[in-house]
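Q: The file below is start_20.cif, mmCIF, C-alpha atoms and all ligand atoms:
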```cif
data_final
loop_
_atom_site.label_atom_id
_atom_site.label_comp_id
_atom_site.auth_asym_id
_atom_site.auth_seq_id
_atom_site.Cartn_x
_atom_site.Cartn_y
_atom_site.Cartn_z
CA MET V 1199 31.08 5.42 -18.54
CA ASN V 1200 27.74 6.59 -17.08
CA LYS V 1201 25.20 3.88 -16.29
CA THR V 1202 21.48 4.21 -16.93
CA ILE V 1203 19.04 2.99 -14.30
CA LEU V 1204 15.38 2.52 -15.23
CA ILE V 1205 13.00 2.71 -12.26
CA LEU V 1206 9.49 1.58 -13.10
CA GLY V 1207 6.79 3.24 -10.99
CA ALA V 1208 7.12 6.32 -8.77
CA GLY V 1209 5.30 4.98 -5.73
CA THR V 1210 6.88 4.22 -2.37
CA GLY V 1211 9.53 1.83 -3.71
CA GLY V 1212 10.35 3.77 -6.87
CA ILE V 1213 10.71 7.13 -5.10
CA ILE V 1214 13.09 5.76 -2.45
CA THR V 1215 15.14 3.86 -5.03
CA ALA V 1216 15.53 6.95 -7.21
CA LYS V 1217 16.39 9.30 -4.34
CA GLU V 1218 18.87 6.87 -2.75
CA LEU V 1219 20.60 6.24 -6.09
CA SER V 1220 20.75 9.95 -6.75
CA LYS V 1221 22.59 10.43 -3.42
CA LYS V 1222 24.95 7.51 -3.99
CA VAL V 1223 25.74 7.52 -7.71
CA GLY V 1224 23.86 10.51 -9.17
CA ASN V 1225 27.13 11.95 -10.48
CA LYS V 1226 27.94 8.85 -12.52
CA SER V 1227 24.56 7.58 -13.68
CA LYS V 1228 21.39 8.56 -15.43
CA ILE V 1229 18.30 7.76 -13.38
CA ILE V 1230 14.99 7.60 -15.24
CA LEU V 1231 11.81 7.26 -13.16
CA PHE V 1232 8.69 6.20 -15.08
CA GLU V 1233 5.21 6.92 -13.76
CA LYS V 1234 1.76 7.00 -15.33
CA GLU V 1235 0.06 9.25 -12.75
CA GLU V 1236 0.62 13.00 -12.48
CA LYS V 1237 -0.78 13.07 -8.95
CA ASN V 1238 1.46 11.24 -6.50
CA VAL V 1239 -0.74 10.14 -3.59
CA PHE V 1240 0.61 9.31 -0.12
CA GLU V 1241 -1.75 6.37 0.45
CA PRO V 1242 -1.74 6.20 4.28
CA SER V 1243 -3.35 9.67 4.29
CA LEU V 1244 -6.38 8.37 2.35
CA LEU V 1245 -7.73 7.07 5.67
CA TRP V 1246 -7.69 10.58 7.13
CA LEU V 1247 -9.26 11.88 3.92
CA MET V 1248 -12.16 9.44 4.39
CA VAL V 1249 -13.10 11.06 7.68
CA GLY V 1250 -12.40 14.68 6.74
CA LYS V 1251 -9.06 14.98 8.55
CA ARG V 1252 -7.38 15.86 5.24
CA LYS V 1253 -8.55 17.68 2.11
CA PRO V 1254 -7.85 15.87 -1.20
CA GLN V 1255 -5.13 18.36 -2.21
CA GLN V 1256 -3.28 17.68 1.07
CA VAL V 1257 -2.63 14.00 0.30
CA TYR V 1258 -0.79 14.25 -3.02
CA ARG V 1259 1.96 16.15 -4.80
CA SER V 1260 2.83 16.52 -8.46
CA THR V 1261 4.92 13.58 -9.70
CA ASN V 1262 7.02 16.05 -11.70
CA LYS V 1263 8.30 17.50 -8.42
CA LEU V 1264 10.38 14.32 -8.01
CA ALA V 1265 12.64 15.47 -10.85
CA SER V 1266 16.13 16.70 -10.01
CA ALA V 1267 19.47 17.19 -11.72
CA ASP V 1268 20.05 13.40 -11.56
CA ILE V 1269 16.48 12.13 -11.87
CA GLU V 1270 14.53 12.37 -15.11
CA ILE V 1271 10.78 11.83 -14.82
CA VAL V 1272 8.90 10.25 -17.70
CA ILE V 1273 5.14 10.57 -17.29
CA GLY V 1274 3.19 7.98 -19.23
CA GLU V 1275 2.04 4.38 -19.09
CA ILE V 1276 4.76 1.77 -19.59
CA GLU V 1277 3.34 -0.19 -22.52
CA ASN V 1278 5.98 -2.84 -22.78
CA LEU V 1279 9.07 -4.02 -20.92
CA ASN V 1280 11.86 -6.37 -21.79
CA PRO V 1281 13.92 -7.63 -18.85
CA GLU V 1282 16.41 -9.36 -21.11
CA ASN V 1283 17.47 -6.15 -22.87
CA ILE V 1284 16.59 -3.97 -19.85
CA SER V 1285 14.27 -1.73 -21.81
CA VAL V 1286 10.78 -0.24 -21.58
CA THR V 1287 8.48 1.50 -24.03
CA VAL V 1288 6.43 4.55 -23.09
CA LYS V 1289 4.26 6.39 -25.64
CA GLY V 1290 5.97 4.40 -28.37
CA LYS V 1291 9.50 5.46 -27.33
CA GLU V 1292 11.98 2.84 -26.17
CA TYR V 1293 14.30 3.52 -23.23
CA SER V 1294 17.16 1.10 -22.46
CA GLY V 1295 19.35 0.86 -19.41
CA ASP V 1296 21.98 -1.09 -17.50
CA TYR V 1297 19.79 -1.71 -14.44
CA MET V 1298 16.04 -2.00 -13.99
CA VAL V 1299 14.03 -1.75 -10.75
CA ILE V 1300 10.39 -2.80 -11.11
CA SER V 1301 8.22 -1.13 -8.49
CA LEU V 1302 4.86 -0.99 -10.26
CA GLY V 1303 2.76 -1.96 -7.24
CA VAL V 1304 -0.67 -3.51 -7.83
CA GLU V 1305 -3.35 -2.85 -10.42
CA GLN V 1306 -6.60 -1.99 -8.63
CA LEU V 1307 -9.97 -3.02 -10.07
CA SER V 1308 -13.56 -2.97 -8.94
CA GLU V 1309 -15.35 -6.31 -8.60
CA TYR V 1310 -18.96 -7.40 -7.90
CA ASN V 1311 -20.01 -3.99 -9.41
CA LEU V 1312 -19.06 -2.44 -6.08
CA ASN V 1313 -18.05 0.79 -7.85
CA GLN V 1314 -21.75 1.33 -8.62
CA TYR V 1315 -22.81 1.07 -4.99
CA GLY V 1316 -19.92 2.17 -2.79
CA HIS V 1317 -16.54 3.86 -2.59
CA ASP V 1318 -13.11 2.39 -3.20
CA PHE V 1319 -11.25 4.01 -0.31
CA TYR V 1320 -7.87 2.95 -1.76
CA THR V 1321 -8.10 5.77 -4.34
CA LEU V 1322 -8.12 9.55 -4.07
CA ASP V 1323 -11.58 9.83 -5.67
CA GLY V 1324 -13.05 6.97 -3.66
CA ALA V 1325 -11.87 8.29 -0.29
CA THR V 1326 -13.03 11.82 -1.25
CA ASN V 1327 -16.49 10.62 -2.32
CA PHE V 1328 -16.87 8.46 0.77
CA ASN V 1329 -16.17 11.50 2.92
CA GLU V 1330 -18.78 13.56 1.09
CA GLU V 1331 -21.42 10.91 1.81
CA LEU V 1332 -20.24 10.52 5.38
CA GLN V 1333 -20.73 14.24 5.99
CA ASN V 1334 -24.40 13.92 4.98
CA PHE V 1335 -24.92 10.61 6.81
CA LYS V 1336 -27.76 10.73 9.33
CA GLY V 1337 -27.51 7.19 10.74
CA GLY V 1338 -27.88 3.63 9.46
CA LYS V 1339 -25.51 0.83 8.51
CA ILE V 1340 -21.97 1.54 7.33
CA VAL V 1341 -19.93 -1.31 5.84
CA ILE V 1342 -16.19 -1.53 5.31
CA LEU V 1343 -15.78 -4.49 2.97
CA VAL V 1344 -12.79 -6.52 1.86
CA PRO V 1345 -14.10 -8.41 -1.18
CA SER V 1346 -10.93 -10.36 -1.96
CA LEU V 1347 -7.34 -11.11 -0.99
CA PRO V 1348 -4.60 -10.03 -1.20
CA PHE V 1349 -4.92 -6.36 -0.33
CA LYS V 1350 -2.16 -3.95 0.61
CA CYS V 1351 -1.69 -2.69 4.15
CA PRO V 1352 -3.37 -5.35 6.29
CA ALA V 1353 -4.16 -2.70 8.91
CA ALA V 1354 -5.95 -0.24 6.59
CA PRO V 1355 -9.53 -1.65 6.71
CA HIS V 1356 -9.36 -1.81 10.53
CA GLU V 1357 -8.06 1.72 10.67
CA ALA V 1358 -10.92 2.79 8.37
CA THR V 1359 -13.57 1.21 10.63
CA MET V 1360 -12.10 2.77 13.79
CA LEU V 1361 -11.71 6.24 12.23
CA VAL V 1362 -15.30 6.09 10.94
CA GLU V 1363 -16.53 4.93 14.37
CA SER V 1364 -14.78 7.86 16.04
CA TYR V 1365 -16.25 10.31 13.48
CA ILE V 1366 -19.78 8.94 13.94
CA ARG V 1367 -19.51 9.06 17.76
CA LYS V 1368 -18.26 12.65 17.71
CA LYS V 1369 -21.23 13.61 15.52
CA GLY V 1370 -23.57 12.05 18.10
CA LEU V 1371 -24.83 9.45 15.60
CA ASN V 1372 -23.55 6.33 17.35
CA SER V 1373 -26.91 5.32 18.81
CA LYS V 1374 -28.38 5.39 15.28
CA THR V 1375 -25.44 3.78 13.48
CA GLU V 1376 -23.98 0.30 13.14
CA ILE V 1377 -20.52 -0.24 11.64
CA PHE V 1378 -19.70 -3.57 9.99
CA HIS V 1379 -16.46 -4.98 8.67
CA PHE V 1380 -16.65 -8.05 6.42
CA THR V 1381 -13.51 -9.81 5.18
CA PRO V 1382 -12.52 -13.25 3.83
CA GLU V 1383 -9.51 -13.28 6.22
CA SER V 1384 -9.63 -15.47 9.31
CA GLY V 1385 -8.57 -12.60 11.59
CA PRO V 1386 -6.98 -9.16 11.56
CA MET V 1387 -3.40 -8.89 10.30
CA GLY V 1388 -2.98 -12.66 10.55
CA VAL V 1389 0.62 -12.85 9.30
CA ALA V 1390 1.74 -10.89 12.37
CA GLY V 1391 0.72 -13.78 14.64
CA LYS V 1392 -2.23 -14.91 16.77
CA GLU V 1393 -1.46 -12.69 19.74
CA LEU V 1394 -1.37 -9.47 17.72
CA SER V 1395 -4.35 -10.51 15.61
CA GLY V 1396 -6.39 -11.23 18.75
CA ALA V 1397 -5.38 -7.92 20.32
CA VAL V 1398 -6.47 -5.94 17.23
CA ARG V 1399 -9.78 -7.81 17.09
CA GLN V 1400 -10.41 -6.97 20.74
CA ILE V 1401 -9.66 -3.27 20.19
CA VAL V 1402 -12.00 -3.14 17.18
CA GLU V 1403 -14.87 -5.03 18.83
CA LYS V 1404 -14.60 -3.01 22.06
CA LYS V 1405 -15.56 0.01 20.00
CA GLY V 1406 -18.80 -1.71 19.02
CA ILE V 1407 -17.66 -2.42 15.47
CA LYS V 1408 -19.22 -5.64 14.16
CA TYR V 1409 -16.34 -7.66 12.76
CA PHE V 1410 -17.10 -10.61 10.46
CA PRO V 1411 -14.00 -12.59 9.37
CA GLU V 1412 -14.28 -15.50 6.88
CA HIS V 1413 -17.04 -13.70 5.00
CA GLN V 1414 -16.64 -13.87 1.24
CA ILE V 1415 -18.95 -11.60 -0.74
CA THR V 1416 -20.66 -13.27 -3.72
CA SER V 1417 -22.85 -10.42 -4.98
CA ALA V 1418 -23.92 -6.87 -4.28
CA THR V 1419 -26.85 -4.63 -5.14
CA GLU V 1420 -27.50 -0.99 -4.37
CA LYS V 1421 -28.59 -1.76 -0.82
CA LYS V 1422 -27.63 -5.37 -0.13
CA LEU V 1423 -24.53 -7.55 0.20
CA VAL V 1424 -24.69 -11.35 -0.13
CA PHE V 1425 -22.01 -13.67 1.28
CA SER V 1426 -21.03 -17.25 0.39
CA ASN V 1427 -22.30 -18.57 3.76
CA GLY V 1428 -25.81 -17.32 3.00
CA LYS V 1429 -25.60 -14.21 5.20
CA THR V 1430 -27.02 -11.01 3.72
CA LEU V 1431 -26.82 -7.43 4.91
CA GLU V 1432 -28.76 -4.33 3.94
CA TYR V 1433 -26.50 -1.30 4.16
CA ASP V 1434 -26.64 2.47 3.75
CA LEU V 1435 -23.02 3.45 3.12
CA LEU V 1436 -20.27 1.26 1.71
CA ALA V 1437 -16.49 1.56 1.46
CA TYR V 1438 -14.45 -1.29 -0.01
CA THR V 1439 -10.93 -2.33 -0.95
CA PRO V 1440 -10.37 -2.92 -4.68
CA LYS V 1441 -9.32 -6.21 -6.24
CA HIS V 1442 -5.51 -6.28 -6.45
CA GLN V 1443 -3.74 -7.88 -9.39
CA CYS V 1444 -0.34 -7.82 -11.03
CA PRO V 1445 -0.15 -4.85 -13.45
CA LYS V 1446 -0.98 -5.95 -17.02
CA VAL V 1447 2.35 -4.85 -18.46
CA ILE V 1448 4.11 -7.38 -16.21
CA ALA V 1449 1.43 -10.06 -15.97
CA ASN V 1450 2.25 -11.56 -19.36
CA THR V 1451 6.01 -11.57 -18.97
CA VAL V 1452 8.29 -14.40 -17.82
CA LEU V 1453 8.95 -12.40 -14.65
CA VAL V 1454 5.66 -13.61 -13.20
CA GLY V 1455 5.65 -16.92 -11.38
CA LYS V 1456 2.88 -19.33 -10.37
CA SER V 1457 1.75 -16.90 -7.67
CA GLY V 1458 0.69 -14.43 -10.37
CA TRP V 1459 3.23 -11.90 -9.04
CA VAL V 1460 6.93 -11.29 -9.60
CA GLU V 1461 8.95 -13.85 -7.68
CA VAL V 1462 12.34 -12.67 -6.45
CA ASN V 1463 15.25 -13.63 -4.26
CA ARG V 1464 13.77 -12.52 -0.92
CA ASN V 1465 17.06 -11.11 0.37
CA THR V 1466 18.41 -9.30 -2.69
CA MET V 1467 15.15 -8.65 -4.60
CA GLU V 1468 16.87 -9.89 -7.77
CA THR V 1469 14.77 -11.46 -10.50
CA ASN V 1470 16.03 -14.23 -12.79
CA PHE V 1471 17.49 -11.57 -15.07
CA ASP V 1472 20.87 -9.97 -14.40
CA ASN V 1473 20.59 -6.44 -12.99
CA VAL V 1474 16.78 -6.56 -12.96
CA TYR V 1475 15.19 -6.18 -9.52
CA ALA V 1476 11.58 -6.08 -8.32
CA ILE V 1477 10.42 -4.58 -5.03
CA GLY V 1478 7.28 -3.81 -3.08
CA ASP V 1479 3.70 -4.82 -3.75
CA ILE V 1480 4.37 -6.38 -7.15
CA THR V 1481 6.46 -9.14 -5.58
CA PHE V 1482 5.41 -12.40 -3.95
CA ILE V 1483 7.61 -13.55 -1.07
CA PRO V 1484 6.44 -16.75 0.61
CA LEU V 1485 6.97 -16.98 4.37
CA GLU V 1486 7.50 -20.14 6.36
CA LEU V 1487 3.99 -20.07 7.81
CA GLY V 1488 2.62 -20.55 4.28
CA LYS V 1489 1.38 -17.00 3.73
CA PRO V 1490 3.19 -14.34 1.70
CA LEU V 1491 4.90 -11.25 3.07
CA PRO V 1492 2.12 -8.63 3.33
CA LYS V 1493 1.99 -5.88 0.74
CA ALA V 1494 2.96 -2.71 2.59
CA GLY V 1495 4.88 0.48 1.99
CA VAL V 1496 7.33 -0.24 4.77
CA PHE V 1497 8.66 -3.30 2.93
CA ALA V 1498 8.80 -1.45 -0.41
CA HIS V 1499 10.76 1.27 1.42
CA TYR V 1500 13.37 -1.01 3.01
CA GLN V 1501 13.71 -3.16 -0.12
CA ALA V 1502 14.29 0.01 -2.18
CA GLU V 1503 17.11 1.07 0.15
CA ILE V 1504 18.78 -2.34 -0.20
CA VAL V 1505 18.44 -2.45 -3.99
CA ALA V 1506 19.72 1.13 -4.38
CA HIS V 1507 22.69 0.33 -2.17
CA ASN V 1508 23.55 -2.81 -4.12
CA ILE V 1509 23.22 -1.16 -7.54
CA ALA V 1510 25.48 1.65 -6.30
CA GLN V 1511 28.01 -0.97 -5.13
CA LYS V 1512 28.01 -2.54 -8.59
CA ILE V 1513 28.39 0.84 -10.30
CA ASN V 1514 31.27 1.70 -7.94
CA LYS V 1515 32.80 -1.74 -8.61
CA LYS V 1516 32.61 -2.65 -4.92
CA ASN V 1517 31.03 -5.70 -3.35
CA ASP V 1518 29.83 -4.66 0.09
CA PHE V 1519 26.29 -5.88 -0.68
CA LYS V 1520 23.38 -5.71 1.79
CA THR V 1521 20.31 -7.91 2.18
CA PHE V 1522 16.67 -7.26 3.12
CA ASN V 1523 16.00 -9.13 6.35
CA GLY V 1524 12.19 -8.99 6.55
CA ASP V 1525 11.90 -6.28 9.20
CA GLY V 1526 8.77 -4.13 9.10
CA GLN V 1527 6.54 -1.89 11.19
CA CYS V 1528 3.09 -0.42 10.86
CA PHE V 1529 0.80 2.08 12.51
CA LEU V 1530 -2.79 1.31 13.44
CA GLU V 1531 -4.97 4.43 13.57
CA MET V 1532 -7.69 3.94 16.19
CA GLY V 1533 -9.59 7.22 16.11
CA ASP V 1534 -9.74 9.87 18.88
CA GLY V 1535 -6.19 10.92 18.03
CA LYS V 1536 -4.72 7.56 19.11
CA ALA V 1537 -2.83 4.86 17.24
CA GLY V 1538 -1.04 1.59 17.84
CA TYR V 1539 2.31 0.56 16.43
CA ALA V 1540 3.48 -2.95 15.66
CA GLY V 1541 6.81 -4.09 14.37
CA GLY V 1542 9.18 -7.00 14.11
CA ASN V 1543 10.73 -9.51 11.79
CA PHE V 1544 8.48 -11.11 9.19
CA TYR V 1545 11.19 -13.56 8.09
CA GLY V 1546 11.20 -14.94 11.65
CA SER V 1547 11.38 -18.74 11.75
CA PRO V 1548 9.11 -20.67 12.04
CA LEU V 1549 6.80 -17.66 12.51
CA PRO V 1550 7.16 -13.89 12.14
CA ILE V 1551 8.05 -12.21 15.42
CA VAL V 1552 5.88 -9.09 15.62
CA LYS V 1553 4.93 -7.15 18.75
CA MET V 1554 2.54 -4.28 19.33
CA LYS V 1555 3.41 -1.26 21.49
CA LYS V 1556 0.86 0.21 23.88
CA PRO V 1557 -1.54 2.32 21.77
CA GLY V 1558 -1.72 6.03 22.49
CA PHE V 1559 -1.46 9.60 21.23
CA PHE V 1560 2.29 9.28 20.61
CA TRP V 1561 1.93 6.81 17.70
CA HIS V 1562 -0.77 8.90 16.06
CA TRP V 1563 1.51 11.95 16.12
CA THR V 1564 4.42 9.83 14.88
CA LYS V 1565 2.31 8.82 11.88
CA ILE V 1566 1.48 12.48 11.18
CA TRP V 1567 5.18 13.33 11.46
CA PHE V 1568 6.00 10.56 8.99
CA GLU V 1569 3.48 11.99 6.50
CA LYS V 1570 5.01 15.50 6.84
CA ILE V 1571 8.57 14.18 6.44
CA TRP V 1572 7.56 12.16 3.37
CA PHE V 1573 6.29 15.21 1.51
CA PHE V 1574 9.10 17.46 2.77
CA LYS V 1575 11.91 15.06 1.94
CA TYR V 1576 10.86 13.83 -1.48
CA PHE V 1577 8.76 16.61 -3.10
C1 LIG V 1601 -5.44 3.41 2.43
C2 LIG V 1601 -4.04 2.88 2.49
C3 LIG V 1601 -3.29 3.00 3.63
C4 LIG V 1601 -1.99 2.49 3.68
N1 LIG V 1601 -1.26 2.64 4.84
C5 LIG V 1601 -0.02 2.12 4.91
C6 LIG V 1601 0.75 2.25 6.08
O1 LIG V 1601 0.35 2.89 7.07
N2 LIG V 1601 1.97 1.65 6.12
C7 LIG V 1601 2.46 0.94 5.05
O2 LIG V 1601 3.56 0.39 5.14
N3 LIG V 1601 1.75 0.80 3.92
C8 LIG V 1601 0.53 1.38 3.81
N4 LIG V 1601 -0.19 1.24 2.65
C9 LIG V 1601 0.35 0.44 1.54
C10 LIG V 1601 1.37 1.21 0.71
O3 LIG V 1601 0.83 2.42 0.26
C11 LIG V 1601 1.81 0.34 -0.46
O4 LIG V 1601 2.11 -0.95 0.00
C12 LIG V 1601 3.05 0.92 -1.12
O5 LIG V 1601 2.75 2.14 -1.74
C13 LIG V 1601 3.65 -0.04 -2.14
O6 LIG V 1601 4.75 0.55 -2.76
P1 LIG V 1601 5.16 0.10 -4.25
O7 LIG V 1601 6.29 0.98 -4.62
O8 LIG V 1601 5.31 -1.36 -4.30
O9 LIG V 1601 3.86 0.44 -5.13
P2 LIG V 1601 3.10 1.80 -5.32
O10 LIG V 1601 3.42 2.76 -4.23
O11 LIG V 1601 1.68 1.45 -5.53
O12 LIG V 1601 3.72 2.38 -6.66
C14 LIG V 1601 3.51 1.81 -7.90
C15 LIG V 1601 3.53 2.92 -8.94
O13 LIG V 1601 3.62 2.37 -10.25
C16 LIG V 1601 2.78 3.12 -11.12
N5 LIG V 1601 2.45 2.28 -12.28
C17 LIG V 1601 1.79 1.09 -12.28
N6 LIG V 1601 1.70 0.60 -13.52
C18 LIG V 1601 2.34 1.49 -14.33
C19 LIG V 1601 2.61 1.53 -15.73
N7 LIG V 1601 2.21 0.56 -16.57
N8 LIG V 1601 3.30 2.59 -16.22
C20 LIG V 1601 3.73 3.59 -15.41
N9 LIG V 1601 3.50 3.59 -14.08
C21 LIG V 1601 2.81 2.56 -13.54
C22 LIG V 1601 1.58 3.43 -10.25
O14 LIG V 1601 0.84 4.53 -10.76
C23 LIG V 1601 2.23 3.72 -8.90
O15 LIG V 1601 2.51 5.08 -8.71
C24 LIG V 1601 -1.47 1.81 2.56
C25 LIG V 1601 -2.22 1.69 1.39
C26 LIG V 1601 -3.49 2.23 1.35
C27 LIG V 1601 -4.28 2.11 0.07
#
```
Represent the structure from my file as structure tokens, please.

A:
Amino acid sequence: MNKTILILGAGTGGIITAKELSKKVGNKSKIILFEKEEKNVFEPSLLWLMVGKRKPQQVYRSTNKLASADIEIVIGEIENLNPENISVTVKGKEYSGDYMVISLGVEQLSEYNLNQYGHDFYTLDGATNFNEELQNFKGGKIVILVPSLPFKCPAAPHEATMLVESYIRKKGLNSKTEIFHFTPESGPMGVAGKELSGAVRQIVEKKGIKYFPEHQITSATEKKLVFSNGKTLEYDLLAYTPKHQCPKVIANTVLVGKSGWVEVNRNTMETNFDNVYAIGDITFIPLELGKPLPKAGVFAHYQAEIVAHNIAQKINKKNDFKTFNGDGQCFLEMGDGKAGYAGGNFYGSPLPIVKMKKPGFFWHWTKIWFEKIWFFKYF
């Protein structure tokens, strides 16, 4: 008998899960992929959009293009979900299944009224609007602000500052411009270890970017930011990361643990409910060093492959199960056509073991290649 698999959210994790399951068991299952957005944005490209290296229409595809003979797309907000019965409701219609994969990512909100004064560069509109202002910028103070933790892609704000610095320098505005990065974190990409964090800080500061860790914003006005340590800064152009929280439809369910996120078996991504899995940014996976596994597409991607494999094993009545081992990599765009690349094992004990390769043109072109492959392969 055909099995029905409900995949919640067509972001990084949901897309990979659906496509892998289609390859493995598409002929003997019904795969339903639920997504509220019609535009499917490849988020790493938002950083290039900020500095005019992409046009808005180059960084997304239509979600409907994910449909295939084995994958049904349901566009609409999931209003309710029941892990016990393995069912969801969209636009008042209930869908039930045999397996459920929750890959709903994070809900993004504006805080401190920052949406009135700056641009949320984690969205298509925010990155587009930031770029429009940047094009007309004649000099002054630019701030990249992280107002709260956690935020996805620990590298992204650093990449944003370095890409903006490169843009400003090429426009000949560097003598009239200061670039600031404020964040509550104690250092860049801290989970990856002191050595890597120190190296990234050095790269950023060498470019003249003013980096202020352990700075928690407390209020903002049209021209001024105020921090909990009493520091204030008058700025001219602001880009910020949004507040990240567990999507409402999940937040009130028993799936959410003390962390405020979905807590799973870190190797199998199983929840407490049979045949219900959660992957990617919506999960909370504590690491030995006391911090959680960062929220990043690379983890959503690998976890999706594992979950798809294991569901296919169950459907095929086999038991060659695989586990997610905490491996991950990330690019670090540095401007001037160069990037760094770091990778390793985040489940490393007692600390993650992550190393950075020598930055250069190669990694930048590899990131571009990855973007092209993503759109080509899945849309
Ligand atoms: C600027 C930027 C740069 C980045 N760069 C990198 C990078 O270089 N490398 C990397 O590894 N990661 C990067 N990331 C992070 C990466 O994009 C995310 O970590 C990744 O997309 C998480 O995958 P996910 O499947 O968990 O969630 P998502 O990809 O966010 O997918 C969740 C989906 O669920 C949908 N959804 C949510 N609620 C509902 C609902 N109620 N009903 C229906 N649908 C719903 C959402 O619309 C969304 O499409 C970057 C992120 C940003 C913002």

Q: Could you tell me how far CA of Ile1273 in chain V sits from CA of Ser1285 in chain V, in Å to one decimal place?

A: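 Interatomic distance here is 16.0 Å.
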
Q: With distances taken over all atoms listed in the file, which residue among V:Ile1415, V:Ala1390, V:Ile1377, V:Ile1566 lies nearest ligand LIG 1601 (chain V)?

A: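 So, comparing all the options, the nearest one is V:Ile1566.
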
Q: With a cut-off of 8 Å, could you pull out the residues of chain V touching ligand LIG 1601 (chain V) and give me the nearest pair of atoms for each, distance in Å to one decimal, using only C-alpha atoms and all ligand atoms, ordered by chain and ascending number, as a Markdown table?

A:
```
| residue | atom | partner | partner_atom | distance |
| --- | --- | --- | --- | --- |
| V:Leu1206 | CA | V:LIG1601 | N9 | 6.4 |
| V:Gly1207 | CA | V:LIG1601 | O13 | 3.4 |
| V:Ala1208 | CA | V:LIG1601 | O15 | 4.8 |
| V:Gly1209 | CA | V:LIG1601 | O12 | 3.2 |
| V:Thr1210 | CA | V:LIG1601 | O7 | 4.0 |
| V:Gly1211 | CA | V:LIG1601 | O7 | 3.5 |
| V:Gly1212 | CA | V:LIG1601 | O7 | 5.4 |
| V:Ile1213 | CA | V:LIG1601 | O7 | 7.6 |
| V:Phe1232 | CA | V:LIG1601 | C20 | 5.6 |
| V:Glu1233 | CA | V:LIG1601 | N9 | 3.8 |
| V:Lys1234 | CA | V:LIG1601 | C20 | 3.9 |
| V:Glu1235 | CA | V:LIG1601 | O14 | 5.2 |
| V:Asn1238 | CA | V:LIG1601 | O15 | 6.6 |
| V:Val1239 | CA | V:LIG1601 | O15 | 7.9 |
| V:Phe1240 | CA | V:LIG1601 | O3 | 6.9 |
| V:Glu1241 | CA | V:LIG1601 | C26 | 4.6 |
| V:Pro1242 | CA | V:LIG1601 | C3 | 3.6 |
| V:Ser1243 | CA | V:LIG1601 | C3 | 6.7 |
| V:Leu1244 | CA | V:LIG1601 | C1 | 5.0 |
| V:Leu1245 | CA | V:LIG1601 | C1 | 5.4 |
| V:Ile1273 | CA | V:LIG1601 | C20 | 7.4 |
| V:Gly1274 | CA | V:LIG1601 | C20 | 5.8 |
| V:Glu1275 | CA | V:LIG1601 | N8 | 3.6 |
| V:Ile1276 | CA | V:LIG1601 | N8 | 3.8 |
| V:Glu1277 | CA | V:LIG1601 | N7 | 6.1 |
| V:Val1288 | CA | V:LIG1601 | N8 | 7.8 |
| V:Ser1301 | CA | V:LIG1601 | O7 | 4.8 |
| V:Leu1302 | CA | V:LIG1601 | O13 | 3.6 |
| V:Gly1303 | CA | V:LIG1601 | O9 | 3.4 |
| V:Val1304 | CA | V:LIG1601 | O11 | 6.0 |
| V:Glu1305 | CA | V:LIG1601 | C17 | 6.7 |
| V:Phe1319 | CA | V:LIG1601 | C1 | 6.5 |
| V:Tyr1320 | CA | V:LIG1601 | C27 | 4.1 |
| V:Thr1321 | CA | V:LIG1601 | C27 | 6.9 |
| V:Lys1350 | CA | V:LIG1601 | C9 | 5.1 |
| V:Cys1351 | CA | V:LIG1601 | N4 | 4.5 |
| V:Ala1353 | CA | V:LIG1601 | N1 | 7.3 |
| V:Ala1354 | CA | V:LIG1601 | C3 | 5.1 |
| V:Pro1355 | CA | V:LIG1601 | C1 | 7.8 |
| V:Pro1445 | CA | V:LIG1601 | N6 | 5.8 |
| V:Lys1446 | CA | V:LIG1601 | N7 | 7.3 |
| V:Val1447 | CA | V:LIG1601 | N7 | 5.7 |
| V:Ile1477 | CA | V:LIG1601 | O8 | 6.1 |
| V:Gly1478 | CA | V:LIG1601 | O8 | 3.4 |
| V:Asp1479 | CA | V:LIG1601 | O8 | 3.9 |
| V:Ile1480 | CA | V:LIG1601 | O8 | 5.8 |
| V:Thr1481 | CA | V:LIG1601 | O8 | 8.0 |
| V:Lys1493 | CA | V:LIG1601 | O4 | 5.0 |
| V:Ala1494 | CA | V:LIG1601 | O4 | 3.2 |
| V:Gly1495 | CA | V:LIG1601 | O2 | 3.4 |
| V:Val1496 | CA | V:LIG1601 | O2 | 3.8 |
| V:Phe1497 | CA | V:LIG1601 | O2 | 6.7 |
| V:Ala1498 | CA | V:LIG1601 | O6 | 5.1 |
| V:His1499 | CA | V:LIG1601 | O6 | 7.4 |
| V:Gly1526 | CA | V:LIG1601 | O2 | 8.0 |
| V:Gln1527 | CA | V:LIG1601 | O2 | 7.1 |
| V:Cys1528 | CA | V:LIG1601 | N2 | 5.3 |
| V:Phe1529 | CA | V:LIG1601 | O1 | 5.5 |
| V:Leu1530 | CA | V:LIG1601 | O1 | 7.3 |
| V:Lys1565 | CA | V:LIG1601 | O1 | 7.9 |
```

Q: Centre and edge lengths, as JSON, for the axis-aligned box enclosing every listed atom of range 1524-1531 of chain V with 6 Å of padding on each of the six sides, in Å to one decimal?

A:
```
{"center_x": 3.6, "center_y": -2.3, "center_z": 10.1, "size_x": 29.2, "size_y": 25.4, "size_z": 19.0}
```

Q: So which residues touch range 1455-1460 of chain V within 8 Å, counting all atoms listed in the file, skipping near sequence neighbours fewer than 5 positions away, as a PyMOL selection string?

A: chain V and resi 1443-1444+1449+1469+1476+1480-1482

Q: For Ser1266 in chain V, work out the shell of residues within 10 Å, counting all atoms listed in the file and skipping chain neighbours fewer than 3 positions away, then give it as a list in words.

A: Lys1217, Ser1220, Gly1224, Ile1229, Asn1262, Lys1263, Ile1269, Glu1270 and Ile1271 of chain V
